[in-house]
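File shown here: model-v8.cif, holding mmCIF, C-alpha atoms.
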data_query
loop_
_atom_site.label_atom_id
_atom_site.label_comp_id
_atom_site.auth_asym_id
_atom_site.auth_seq_id
_atom_site.Cartn_x
_atom_site.Cartn_y
_atom_site.Cartn_z
CA MET A 1 -184.80 86.92 46.35
CA ARG A 2 -184.41 85.08 43.03
CA ALA A 3 -181.12 86.88 42.45
CA LEU A 4 -179.94 85.80 45.90
CA ALA A 5 -180.94 82.19 45.18
CA ALA A 6 -179.27 82.06 41.77
CA LEU A 7 -176.02 83.65 42.99
CA THR A 8 -175.71 81.28 45.95
CA VAL A 9 -176.18 78.22 43.70
CA LEU A 10 -173.57 79.61 41.29
CA LEU A 11 -171.15 80.23 44.16
CA LEU A 12 -171.67 76.67 45.41
CA HIS A 13 -170.76 75.09 42.08
CA VAL A 14 -167.70 77.30 41.72
CA THR A 15 -166.67 76.07 45.16
CA VAL A 16 -167.19 72.41 44.20
CA PHE A 17 -165.07 72.67 41.06
CA SER A 18 -162.26 74.83 42.43
CA SER A 19 -160.19 75.46 45.54
CA ALA A 20 -162.04 77.82 47.85
CA GLY A 21 -159.08 78.34 50.18
CA SER A 22 -159.22 77.71 53.91
CA ALA A 23 -161.21 74.92 55.52
CA PRO A 24 -163.64 77.33 57.30
CA ALA A 25 -164.37 79.02 53.96
CA VAL A 26 -165.04 75.67 52.28
CA ARG A 27 -167.33 74.63 55.12
CA LEU A 28 -169.35 77.84 54.84
CA LEU A 29 -169.54 77.78 51.04
CA SER A 30 -170.34 74.09 50.71
CA HIS A 31 -173.95 74.45 51.81
CA LEU A 32 -174.99 77.27 49.52
CA ASN A 33 -177.26 74.80 47.79
CA ILE A 34 -179.72 76.46 50.14
CA GLY A 35 -180.34 78.65 47.10
CA VAL A 36 -182.50 75.82 45.73
CA THR A 37 -184.54 75.98 48.94
CA VAL A 38 -185.08 79.70 48.40
CA PHE A 39 -186.23 79.04 44.83
CA PHE A 40 -188.76 76.48 46.09
CA LEU A 41 -190.09 78.83 48.78
CA ILE A 42 -190.52 81.58 46.21
CA SER A 43 -192.51 79.22 44.00
CA GLY A 44 -194.65 78.10 46.91
CA PHE A 45 -195.44 81.70 47.87
CA LEU A 46 -195.96 83.26 44.43
CA LEU A 47 -197.90 80.40 42.88
CA TYR A 48 -200.16 79.57 45.80
CA ARG A 49 -201.07 83.14 46.74
CA PRO A 50 -203.20 83.76 43.61
CA PHE A 51 -205.29 80.71 44.52
CA ILE A 52 -206.20 82.19 47.92
CA ALA A 53 -205.94 85.97 47.36
CA HIS A 54 -209.71 86.28 46.81
CA ARG A 55 -210.26 85.38 50.46
CA ALA A 56 -208.98 88.84 51.37
CA GLY A 57 -210.70 90.71 48.56
CA GLY A 58 -208.07 90.08 45.93
CA PRO A 59 -208.62 88.85 42.38
CA PRO A 60 -209.63 85.26 41.71
CA GLY A 61 -206.96 82.82 40.62
CA ALA A 62 -206.44 81.99 36.96
CA PRO A 63 -208.24 78.97 35.47
CA VAL A 64 -206.18 75.79 35.64
CA ARG A 65 -205.67 75.69 31.87
CA ARG A 66 -204.24 79.23 31.84
CA TYR A 67 -202.17 78.49 34.94
CA ALA A 68 -200.67 75.39 33.25
CA TRP A 69 -199.94 77.31 30.04
CA ARG A 70 -198.07 79.97 32.05
CA ARG A 71 -196.00 77.34 33.79
CA VAL A 72 -195.03 75.72 30.50
CA LEU A 73 -193.99 79.08 29.02
CA ARG A 74 -192.00 79.95 32.12
CA ILE A 75 -189.96 76.76 32.38
CA PHE A 76 -189.62 74.82 29.16
CA PRO A 77 -188.66 77.13 26.24
CA ALA A 78 -185.54 78.55 27.91
CA TYR A 79 -184.62 75.11 29.23
CA TRP A 80 -185.06 73.46 25.82
CA LEU A 81 -182.95 76.16 24.17
CA THR A 82 -180.16 75.74 26.72
CA LEU A 83 -180.21 71.95 26.49
CA THR A 84 -180.12 72.05 22.68
CA LEU A 85 -177.27 74.55 22.51
CA LEU A 86 -175.20 72.65 25.06
CA THR A 87 -175.73 69.49 23.01
CA VAL A 88 -174.55 70.98 19.71
CA LEU A 89 -171.85 73.42 20.86
CA PRO A 90 -168.33 71.93 20.90
CA GLY A 91 -166.80 71.56 24.33
CA PHE A 92 -170.12 71.46 26.18
CA SER A 93 -172.40 68.65 27.29
CA GLY A 94 -176.18 68.71 27.00
CA VAL A 95 -178.00 65.44 26.33
CA THR A 96 -176.00 62.73 28.07
CA GLY A 97 -175.91 58.98 27.44
CA GLY A 98 -178.74 59.06 24.93
CA HIS A 99 -181.29 60.07 27.57
CA TRP A 100 -182.69 62.83 25.38
CA LEU A 101 -186.37 62.16 26.07
CA SER A 102 -186.04 62.15 29.85
CA GLN A 103 -183.90 65.28 29.78
CA TYR A 104 -186.18 67.27 27.47
CA ALA A 105 -189.17 66.19 29.57
CA LEU A 106 -187.40 67.11 32.84
CA LEU A 107 -187.78 63.56 34.14
CA ASP A 108 -184.09 63.10 34.82
CA SER A 109 -184.50 63.88 38.51
CA LEU A 110 -186.03 60.42 38.97
CA ALA A 111 -183.17 58.28 40.23
CA LEU A 112 -184.22 55.23 38.24
CA GLY A 113 -181.60 53.17 36.48
CA SER A 114 -178.08 54.45 35.89
CA GLY A 115 -176.23 56.83 33.63
CA ASN A 116 -178.75 59.65 33.73
CA CYS A 117 -177.75 63.30 33.75
CA VAL A 118 -178.27 63.76 37.48
CA GLU A 119 -175.80 61.00 38.33
CA GLU A 120 -173.14 62.24 35.89
CA LEU A 121 -172.36 65.49 37.69
CA SER A 122 -169.00 66.05 36.05
CA LYS A 123 -170.20 65.26 32.51
CA CYS A 124 -173.68 66.73 32.12
CA GLY A 125 -173.94 70.50 31.79
CA LEU A 126 -177.48 70.48 33.17
CA ALA A 127 -177.10 68.03 36.06
CA HIS A 128 -178.33 70.75 38.43
CA THR A 129 -181.73 70.94 36.72
CA TRP A 130 -183.05 68.07 38.83
CA SER A 131 -184.72 70.87 40.80
CA LEU A 132 -186.75 71.88 37.75
CA GLY A 133 -188.22 68.38 37.64
CA VAL A 134 -189.27 68.79 41.27
CA GLU A 135 -190.75 72.21 40.44
CA VAL A 136 -192.83 70.74 37.62
CA GLY A 137 -194.21 68.16 40.05
CA PHE A 138 -195.25 70.99 42.35
CA TYR A 139 -196.88 72.87 39.48
CA ALA A 140 -198.95 69.80 38.64
CA LEU A 141 -200.11 69.15 42.21
CA LEU A 142 -200.84 72.73 43.29
CA PRO A 143 -204.27 73.19 41.62
CA LEU A 144 -205.54 69.98 43.25
CA PHE A 145 -204.25 71.06 46.65
CA ALA A 146 -205.83 74.49 46.19
CA LEU A 147 -209.18 72.89 45.32
CA VAL A 148 -209.20 70.75 48.45
CA ALA A 149 -208.03 73.63 50.64
CA GLU A 150 -210.73 75.90 49.19
CA ARG A 151 -213.48 73.47 50.13
CA LEU A 152 -212.12 73.17 53.65
CA ALA A 153 -211.87 76.96 53.94
CA ARG A 154 -215.57 77.40 53.15
CA ARG A 155 -216.37 75.77 56.47
CA ARG A 156 -214.54 78.50 58.37
CA SER A 157 -215.77 82.05 58.84
CA GLY A 158 -213.51 85.09 58.66
CA ALA A 159 -209.84 84.25 58.88
CA GLY A 160 -210.49 80.96 60.69
CA TRP A 161 -209.30 79.04 57.63
CA VAL A 162 -205.72 80.15 58.26
CA GLY A 163 -205.06 77.81 61.18
CA ARG A 164 -206.64 74.83 59.45
CA GLU A 165 -204.64 75.36 56.28
CA LEU A 166 -201.39 75.82 58.17
CA GLY A 167 -202.16 72.58 59.99
CA ILE A 168 -202.60 70.71 56.69
CA LEU A 169 -199.32 72.10 55.37
CA ALA A 170 -197.57 71.14 58.61
CA LEU A 171 -198.93 67.58 58.54
CA LEU A 172 -197.85 67.02 54.93
CA SER A 173 -194.47 68.53 55.73
CA LEU A 174 -194.01 66.13 58.62
CA ILE A 175 -194.74 63.21 56.30
CA SER A 176 -192.18 64.59 53.85
CA ILE A 177 -189.57 64.84 56.61
CA LEU A 178 -190.16 61.22 57.60
CA LEU A 179 -189.89 60.09 53.98
CA HIS A 180 -186.73 62.11 53.59
CA LEU A 181 -185.24 60.53 56.71
CA ARG A 182 -185.87 57.00 55.46
CA SER A 183 -184.87 57.51 51.82
CA SER A 184 -181.88 55.64 50.43
CA GLY A 185 -181.50 57.24 46.99
CA SER A 186 -182.50 54.21 44.91
CA GLY A 187 -185.63 52.34 43.90
CA VAL A 188 -188.88 53.64 45.39
CA THR A 189 -187.07 55.86 47.87
CA GLY A 190 -185.01 57.27 45.01
CA VAL A 191 -188.25 58.45 43.43
CA ILE A 192 -189.13 60.08 46.74
CA THR A 193 -185.90 62.05 47.00
CA GLY A 194 -186.02 63.07 43.34
CA THR A 195 -189.59 64.34 43.32
CA LEU A 196 -191.94 66.63 45.20
CA LEU A 197 -192.44 64.02 47.92
CA GLY A 198 -188.92 64.61 49.17
CA TYR A 199 -189.06 68.42 49.03
CA TRP A 200 -192.62 69.29 49.98
CA LEU A 201 -191.47 71.06 53.16
CA TRP A 202 -189.64 73.73 51.15
CA PHE A 203 -192.66 74.52 48.98
CA ALA A 204 -194.98 74.30 51.99
CA ALA A 205 -192.94 76.93 53.84
CA GLY A 206 -193.54 79.37 51.00
CA MET A 207 -197.21 78.42 50.85
CA ALA A 208 -197.47 79.02 54.59
CA LEU A 209 -196.08 82.53 54.12
CA ALA A 210 -198.75 83.09 51.46
CA VAL A 211 -201.50 81.84 53.80
CA VAL A 212 -200.37 84.07 56.66
CA SER A 213 -200.00 87.13 54.41
CA VAL A 214 -203.50 86.72 52.96
CA GLY A 215 -204.90 86.07 56.43
CA ALA A 216 -203.33 89.30 57.65
CA ARG A 217 -205.00 91.22 54.81
CA GLN A 218 -208.31 89.61 55.68
CA GLY A 219 -208.11 91.02 59.17
CA ALA A 220 -206.44 88.26 61.16
CA GLU A 221 -204.58 89.70 64.13
CA ALA A 222 -200.87 90.14 63.45
CA SER A 223 -198.73 87.96 65.67
CA ALA A 224 -195.85 89.31 67.71
CA TRP A 225 -193.48 87.57 65.29
CA MET A 226 -195.04 89.33 62.31
CA ARG A 227 -194.86 92.73 64.01
CA LEU A 228 -191.19 92.08 64.78
CA VAL A 229 -190.45 91.27 61.12
CA VAL A 230 -192.17 94.46 59.98
CA ALA A 231 -190.39 96.71 62.47
CA TRP A 232 -186.96 95.04 62.62
CA PRO A 233 -186.37 93.13 59.38
CA TRP A 234 -182.69 92.62 60.21
CA VAL A 235 -183.66 90.26 63.07
CA PRO A 236 -184.85 87.37 60.83
CA TRP A 237 -181.85 87.89 58.54
CA LEU A 238 -179.50 87.79 61.50
CA GLY A 239 -181.27 84.64 62.69
CA ALA A 240 -180.90 83.08 59.23
CA LEU A 241 -177.18 83.87 59.21
CA ALA A 242 -176.65 82.41 62.69
CA LEU A 243 -178.56 79.25 61.83
CA TYR A 244 -176.64 78.84 58.57
CA VAL A 245 -173.28 79.16 60.35
CA LEU A 246 -174.43 76.61 62.94
CA LEU A 247 -175.54 74.14 60.28
CA SER A 248 -172.28 74.62 58.38
CA ALA A 249 -170.38 73.76 61.54
CA LEU A 250 -172.49 70.66 62.27
CA LEU A 251 -172.75 69.21 58.75
CA PRO A 252 -169.87 67.72 56.75
CA PRO A 253 -168.01 70.30 54.61
CA THR A 254 -169.65 69.12 51.39
CA PRO A 255 -173.03 69.55 49.68
CA PHE A 256 -173.17 65.78 49.14
CA LEU A 257 -174.71 64.43 52.33
CA PHE A 258 -175.01 60.65 52.62
CA SER A 259 -176.15 60.25 56.23
CA HIS A 260 -179.93 60.19 56.59
CA LEU A 261 -179.61 62.30 59.73
CA ASP A 262 -177.44 64.91 57.99
CA GLN A 263 -179.87 65.05 55.07
CA THR A 264 -182.84 65.57 57.37
CA VAL A 265 -181.08 68.21 59.46
CA ALA A 266 -180.21 70.12 56.28
CA TYR A 267 -183.73 69.63 54.92
CA VAL A 268 -185.41 71.17 57.96
CA GLY A 269 -182.69 73.73 58.67
CA PHE A 270 -182.64 75.05 55.11
CA ALA A 271 -186.42 75.54 55.22
CA LEU A 272 -186.14 77.64 58.38
CA ILE A 273 -183.27 79.70 56.99
CA ALA A 274 -185.03 80.38 53.68
CA ALA A 275 -188.26 81.36 55.46
CA LEU A 276 -186.34 83.82 57.65
CA LEU A 277 -184.67 85.32 54.58
CA MET A 278 -188.00 85.74 52.79
CA ALA A 279 -189.99 87.10 55.74
CA PRO A 280 -188.99 90.80 55.38
CA ALA A 281 -189.97 90.73 51.69
CA VAL A 282 -193.37 89.19 52.47
CA PHE A 283 -194.36 91.25 55.52
CA GLY A 284 -193.98 95.01 55.65
CA ASP A 285 -192.39 95.17 52.22
CA ARG A 286 -192.61 98.99 52.24
CA ALA A 287 -191.55 99.44 55.85
CA GLY A 288 -187.86 100.06 55.09
CA GLY A 289 -184.89 98.49 56.79
CA MET A 290 -181.55 97.19 55.52
CA PRO A 291 -182.73 93.79 54.17
CA ARG A 292 -185.51 95.41 52.15
CA ARG A 293 -183.14 98.09 50.83
CA ILE A 294 -180.74 95.36 49.68
CA LEU A 295 -183.50 93.42 47.92
CA ALA A 296 -184.84 96.61 46.34
CA GLN A 297 -181.53 97.59 44.73
CA PRO A 298 -181.93 97.95 40.95
CA VAL A 299 -179.02 95.59 40.30
CA MET A 300 -180.55 92.89 42.49
CA ALA A 301 -183.95 93.41 40.85
CA TRP A 302 -182.43 93.07 37.38
CA LEU A 303 -180.40 89.99 38.33
CA GLY A 304 -183.62 88.51 39.68
CA LEU A 305 -185.26 89.24 36.34
CA VAL A 306 -182.68 87.20 34.42
CA SER A 307 -182.01 84.72 37.24
CA TYR A 308 -183.55 81.75 35.44
CA GLY A 309 -180.96 82.05 32.69
CA ILE A 310 -178.18 82.41 35.25
CA PHE A 311 -179.38 79.22 36.89
CA LEU A 312 -179.60 77.35 33.58
CA TRP A 313 -176.23 78.37 32.15
CA HIS A 314 -173.82 78.70 35.07
CA TYR A 315 -173.19 74.99 35.68
CA ALA A 316 -172.16 74.28 32.09
CA VAL A 317 -169.87 77.32 32.21
CA VAL A 318 -168.23 76.11 35.42
CA LEU A 319 -167.65 72.65 33.91
CA ARG A 320 -166.12 74.14 30.77
CA LEU A 321 -163.82 76.57 32.61
CA SER A 322 -162.65 74.16 35.31
CA VAL A 323 -161.29 71.45 33.01
CA PRO A 324 -157.94 70.00 34.16
CA GLY A 325 -155.08 72.28 33.18
CA SER A 326 -157.16 75.45 33.00
CA GLY A 327 -155.25 76.91 35.94
CA LEU A 328 -158.24 78.90 37.17
CA GLY A 329 -158.41 79.34 40.93
CA PHE A 330 -161.52 80.13 42.93
CA TRP A 331 -161.73 83.88 42.32
CA PRO A 332 -160.92 83.84 38.58
CA LEU A 333 -163.37 80.97 38.09
CA LEU A 334 -166.05 82.83 40.04
CA GLY A 335 -165.57 86.05 38.07
CA ALA A 336 -165.51 84.34 34.67
CA THR A 337 -168.50 82.13 35.46
CA LEU A 338 -170.56 85.04 36.74
CA ALA A 339 -169.74 87.22 33.72
CA ILE A 340 -170.47 84.53 31.12
CA ALA A 341 -173.60 83.19 32.87
CA VAL A 342 -175.07 86.69 33.25
CA ALA A 343 -174.32 87.43 29.57
CA CYS A 344 -176.02 84.21 28.45
CA ALA A 345 -178.95 84.87 30.78
CA THR A 346 -179.38 88.38 29.41
CA VAL A 347 -179.59 87.13 25.82
CA SER A 348 -181.93 84.32 26.87
CA TYR A 349 -184.26 86.67 28.72
CA TYR A 350 -184.57 89.46 26.18
CA ALA A 351 -184.48 87.30 23.04
CA LEU A 352 -186.68 84.42 24.22
CA GLU A 353 -188.10 84.54 27.73
CA LYS A 354 -189.53 88.06 27.74
CA PRO A 355 -191.36 87.76 24.39
CA LEU A 356 -192.82 84.41 25.45
CA LEU A 357 -193.77 85.61 28.92
CA ARG A 358 -195.91 88.33 27.33
CA LEU A 359 -198.15 85.52 26.09
CA LYS A 360 -198.83 84.52 29.70
CA TYR A 361 -201.09 87.52 30.25
CA ARG A 362 -202.23 88.37 26.74
CA SER A 363 -205.85 87.45 27.48
CA GLN A 364 -205.88 88.47 31.12
CA ARG A 365 -208.25 91.27 31.98
CA VAL A 366 -206.99 94.06 34.18
CA ARG A 367 -208.87 93.97 37.47
CA GLY A 368 -209.01 96.61 40.15
CA SER A 369 -207.42 95.46 43.39
CA SER A 370 -205.93 96.77 46.59
CA TYR A 371 -202.94 94.47 46.09
CA PRO A 372 -199.62 95.96 44.99
CA SER A 373 -198.14 95.00 41.64
CA GLY A 374 -196.85 91.43 41.66
CA SER A 375 -198.70 90.34 44.79
CA ASN A 376 -201.02 88.10 42.80
CA GLY A 377 -198.10 86.08 41.55
CA SER A 378 -197.73 87.86 38.19
CA SER A 379 -193.98 87.98 38.60
CA SER A 380 -193.70 84.21 38.89
#
Encoding of this model in structure tokens:
Amino acid sequence: MRALAALTVLLLHVTVFSSAGSAPAVRLLSHLNIGVTVFFLISGFLLYRPFIAHRAGGPPGAPVRRYAWRRVLRIFPAYWLTLTLLTVLPGFSGVTGGHWLSQYALLDSLALGSGNCVEELSKCGLAHTWSLGVEVGFYALLPLFALVAERLARRRSGAGWVGRELGILALLSLISILLHLRSSGSGVTGVITGTLLGYWLWFAAGMALAVVSVGARQGAEASAWMRLVVAWPWVPWLGALALYVLLSALLPPTPFLFSHLDQTVAYVGFALIAALLMAPAVFGDRAGGMPRRILAQPVMAWLGLVSYGIFLWHYAVVLRLSVPGSGLGFWPLLGATLAIAVACATVSYYALEKPLLRLKYRSQRVRGSSYPSGSNGSSS
């Protein structure tokens, strides 16, 4: 799923900085920023599930200090390396306009003032990392949410906590939708759209999948929808494709949406599409079917492994290759960007990320569990 998310974001930015051909193609490709939605759902699922896995006999979640240390190791070292290299390498752009502190701290997603990296899309090689700032906000809030949800769950016997927790997630998501609808992109509302407040729905959808999956392991009766996903995983993927085509037809043929209504439609629609794409991987992961076979391909698994580096590097590569006079059309730009971004991501993963990620679990004791490898969020 991470590979799918990273590749769609890469394809979007190639589309923005090149000619993608016919108008229908541009319309379909212009909303592949849904890859960011998929990333957020993955984070919501993988990071929240360890906090609630014990309710179905799984291992307890990591202490908050260890959880925070893992998040720092996962996000910042590779990001700092990329930002530094893009700043010092000729022909690239890292730190922009002297905003080095906000960029290194991943605070540039806050739309406060002018001239920050996020607003200078054609100049800053890491303008797309606004989403990492939103992710960090989610990381910070999640332990507090888990603590409150845990206390509420104690008042429910069996799997009765599932409905209450889904209700809380739904209520907070509704508030986020209303805030998103009223945002204007500046001042206080600019903070909303640049932080977790404006994207809670996407994380909450992944958290909801985690809640339902743990509830199913605890003995909650599987719904008809869940049984359908297990038996016919192509149905939710077909639904996601149909909904994406519909949204592409309704929305303007650009990822830059300025109408509050268009933004809200995309916000809600992307959440539904991403949840449908993730469902076969969450439920019945060993039940077979075309979507699961695609996600289980070794190439997809490996691309998912190095996907963070692909995400970090691809935008700077697109900017560098699409300078005026380069003569690169859509397909050459796509091929060159993919090749260079994957190469940079491979070096980043094996030289930096993988050695550092080993530190995440150096002191973790191995616990017996009925959960398959990775189900406690260890792959996050």
For stretch 335-341 of chain A, please output as number ranges by chain all residues within 10 Å (counting all atoms listed in the file; exclusion window: fewer than 4 positions along the same chain).
-> A: 7, 10-11, 13-14, 307, 309-322, 328, 330-331, 345-346
Limited to C-alpha atoms, could you put the picked residues into a file as a PDB file, keeping the file's coordinate frame?
ATOM      1  CA  LEU A   7    -176.020  83.650  42.990  1.00  0.00           C
ATOM      2  CA  LEU A  10    -173.570  79.610  41.290  1.00  0.00           C
ATOM      3  CA  LEU A  11    -171.150  80.230  44.160  1.00  0.00           C
ATOM      4  CA  HIS A  13    -170.760  75.090  42.080  1.00  0.00           C
ATOM      5  CA  VAL A  14    -167.700  77.300  41.720  1.00  0.00           C
ATOM      6  CA  SER A 307    -182.010  84.720  37.240  1.00  0.00           C
ATOM      7  CA  GLY A 309    -180.960  82.050  32.690  1.00  0.00           C
ATOM      8  CA  ILE A 310    -178.180  82.410  35.250  1.00  0.00           C
ATOM      9  CA  PHE A 311    -179.380  79.220  36.890  1.00  0.00           C
ATOM     10  CA  LEU A 312    -179.600  77.350  33.580  1.00  0.00           C
ATOM     11  CA  TRP A 313    -176.230  78.370  32.150  1.00  0.00           C
ATOM     12  CA  HIS A 314    -173.820  78.700  35.070  1.00  0.00           C
ATOM     13  CA  TYR A 315    -173.190  74.990  35.680  1.00  0.00           C
ATOM     14  CA  ALA A 316    -172.160  74.280  32.090  1.00  0.00           C
ATOM     15  CA  VAL A 317    -169.870  77.320  32.210  1.00  0.00           C
ATOM     16  CA  VAL A 318    -168.230  76.110  35.420  1.00  0.00           C
ATOM     17  CA  LEU A 319    -167.650  72.650  33.910  1.00  0.00           C
ATOM     18  CA  ARG A 320    -166.120  74.140  30.770  1.00  0.00           C
ATOM     19  CA  LEU A 321    -163.820  76.570  32.610  1.00  0.00           C
ATOM     20  CA  SER A 322    -162.650  74.160  35.310  1.00  0.00           C
ATOM     21  CA  LEU A 328    -158.240  78.900  37.170  1.00  0.00           C
ATOM     22  CA  PHE A 330    -161.520  80.130  42.930  1.00  0.00           C
ATOM     23  CA  TRP A 331    -161.730  83.880  42.320  1.00  0.00           C
ATOM     24  CA  ALA A 345    -178.950  84.870  30.780  1.00  0.00           C
ATOM     25  CA  THR A 346    -179.380  88.380  29.410  1.00  0.00           C
TER      26      THR A 346
END
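In this comparison, which uses only C-alpha atoms, the residue of A:Gly35, A:Pro236, A:Pro252, A:Pro50 approaching A:Met207 most closely is A:Pro50.
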Residues at most 10 Å from A:Ala266, counting all atoms listed in the file, excluding those fewer than 4 positions away in the same chain, as an mmCIF file with C-alpha atoms, keeping the file's coordinate frame?
data_model
loop_
_atom_site.group_PDB
_atom_site.id
_atom_site.type_symbol
_atom_site.label_atom_id
_atom_site.label_comp_id
_atom_site.auth_asym_id
_atom_site.auth_seq_id
_atom_site.Cartn_x
_atom_site.Cartn_y
_atom_site.Cartn_z
ATOM 1 C CA HIS A 31 -173.950 74.450 51.810
ATOM 2 C CA ILE A 34 -179.720 76.460 50.140
ATOM 3 C CA TYR A 244 -176.640 78.840 58.570
ATOM 4 C CA LEU A 247 -175.540 74.140 60.280
ATOM 5 C CA SER A 248 -172.280 74.620 58.380
ATOM 6 C CA LEU A 250 -172.490 70.660 62.270
ATOM 7 C CA LEU A 251 -172.750 69.210 58.750
ATOM 8 C CA PRO A 255 -173.030 69.550 49.680
ATOM 9 C CA LEU A 257 -174.710 64.430 52.330
ATOM 10 C CA HIS A 260 -179.930 60.190 56.590
ATOM 11 C CA LEU A 261 -179.610 62.300 59.730
ATOM 12 C CA ASP A 262 -177.440 64.910 57.990
ATOM 13 C CA PHE A 270 -182.640 75.050 55.110
ATOM 14 C CA ALA A 271 -186.420 75.540 55.220
ATOM 15 C CA LEU A 272 -186.140 77.640 58.380
#
Atom CA of A:Phe45 to atom CA of A:Leu209, distance in Å rounded to a single decimal |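 Atom CA of A:Phe45 sits 6.3 Å away from atom CA of A:Leu209.
Nearest residue to A:Val265 among A:Leu243, A:Leu141, A:Ala68, A:Leu89 is A:Leu243, counting all atoms listed in the file.
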Residue nearest A:Leu107 among A:Ala240, A:Leu357, A:Val136, A:Val88 (counting all atoms listed in the file) | A:Val136
Name the residues in contact with A:Arg227 at a cut-off of 9 Å, using only C-alpha atoms, excluding same-chain residues fewer than 4 positions from it; report them as a ChimeraX atom specification.
-> /A:222-223,231-232,283-284
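Atom CA of A:Tyr67 to atom CA of A:Val134 spans 17.3 Å [interatomic distance, one decimal].
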Residues within 7 Å of (-181.4, 66.3, 34.2), file coords, only C-alpha atoms, listed as a ChimeraX atom specification = /A:103,106-109,117-118,126-130
Computed gap from atom CA of A:Phe203 to atom CA of A:Leu41 is 5.0 Å
Report as an MDAnalysis selection string the residues that result from applying the PyMOL selection byres ((chain A and resi 173) around 12) to the structure here.
-> chainID A and resid 166:172 174:180 196:208 267:268 271
Top pick for closest residue to A:Val162, considering A:Cys344, A:Arg55, A:Thr195, A:Trp234 and counting all atoms listed in the file = A:Arg55
Around (-189.0, 79.6, 43.3), as given in the file, which residues come within 10 Å? Count all atoms listed in the file and list them as a PDB file with C-alpha atoms, in the coordinates of the input.
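What ended up in part-v5.pdb:
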ATOM      1  CA  MET A   1    -184.800  86.920  46.350  1.00  0.00           C
ATOM      2  CA  ARG A   2    -184.410  85.080  43.030  1.00  0.00           C
ATOM      3  CA  ALA A   5    -180.940  82.190  45.180  1.00  0.00           C
ATOM      4  CA  GLY A  35    -180.340  78.650  47.100  1.00  0.00           C
ATOM      5  CA  VAL A  36    -182.500  75.820  45.730  1.00  0.00           C
ATOM      6  CA  THR A  37    -184.540  75.980  48.940  1.00  0.00           C
ATOM      7  CA  VAL A  38    -185.080  79.700  48.400  1.00  0.00           C
ATOM      8  CA  PHE A  39    -186.230  79.040  44.830  1.00  0.00           C
ATOM      9  CA  PHE A  40    -188.760  76.480  46.090  1.00  0.00           C
ATOM     10  CA  LEU A  41    -190.090  78.830  48.780  1.00  0.00           C
ATOM     11  CA  ILE A  42    -190.520  81.580  46.210  1.00  0.00           C
ATOM     12  CA  SER A  43    -192.510  79.220  44.000  1.00  0.00           C
ATOM     13  CA  GLY A  44    -194.650  78.100  46.910  1.00  0.00           C
ATOM     14  CA  PHE A  45    -195.440  81.700  47.870  1.00  0.00           C
ATOM     15  CA  LEU A  46    -195.960  83.260  44.430  1.00  0.00           C
ATOM     16  CA  LEU A  47    -197.900  80.400  42.880  1.00  0.00           C
ATOM     17  CA  LEU A 132    -186.750  71.880  37.750  1.00  0.00           C
ATOM     18  CA  GLU A 135    -190.750  72.210  40.440  1.00  0.00           C
ATOM     19  CA  TRP A 202    -189.640  73.730  51.150  1.00  0.00           C
ATOM     20  CA  PHE A 203    -192.660  74.520  48.980  1.00  0.00           C
ATOM     21  CA  GLY A 206    -193.540  79.370  51.000  1.00  0.00           C
ATOM     22  CA  TYR A 308    -183.550  81.750  35.440  1.00  0.00           C
ATOM     23  CA  SER A 380    -193.700  84.210  38.890  1.00  0.00           C
TER      24      SER A 380
END
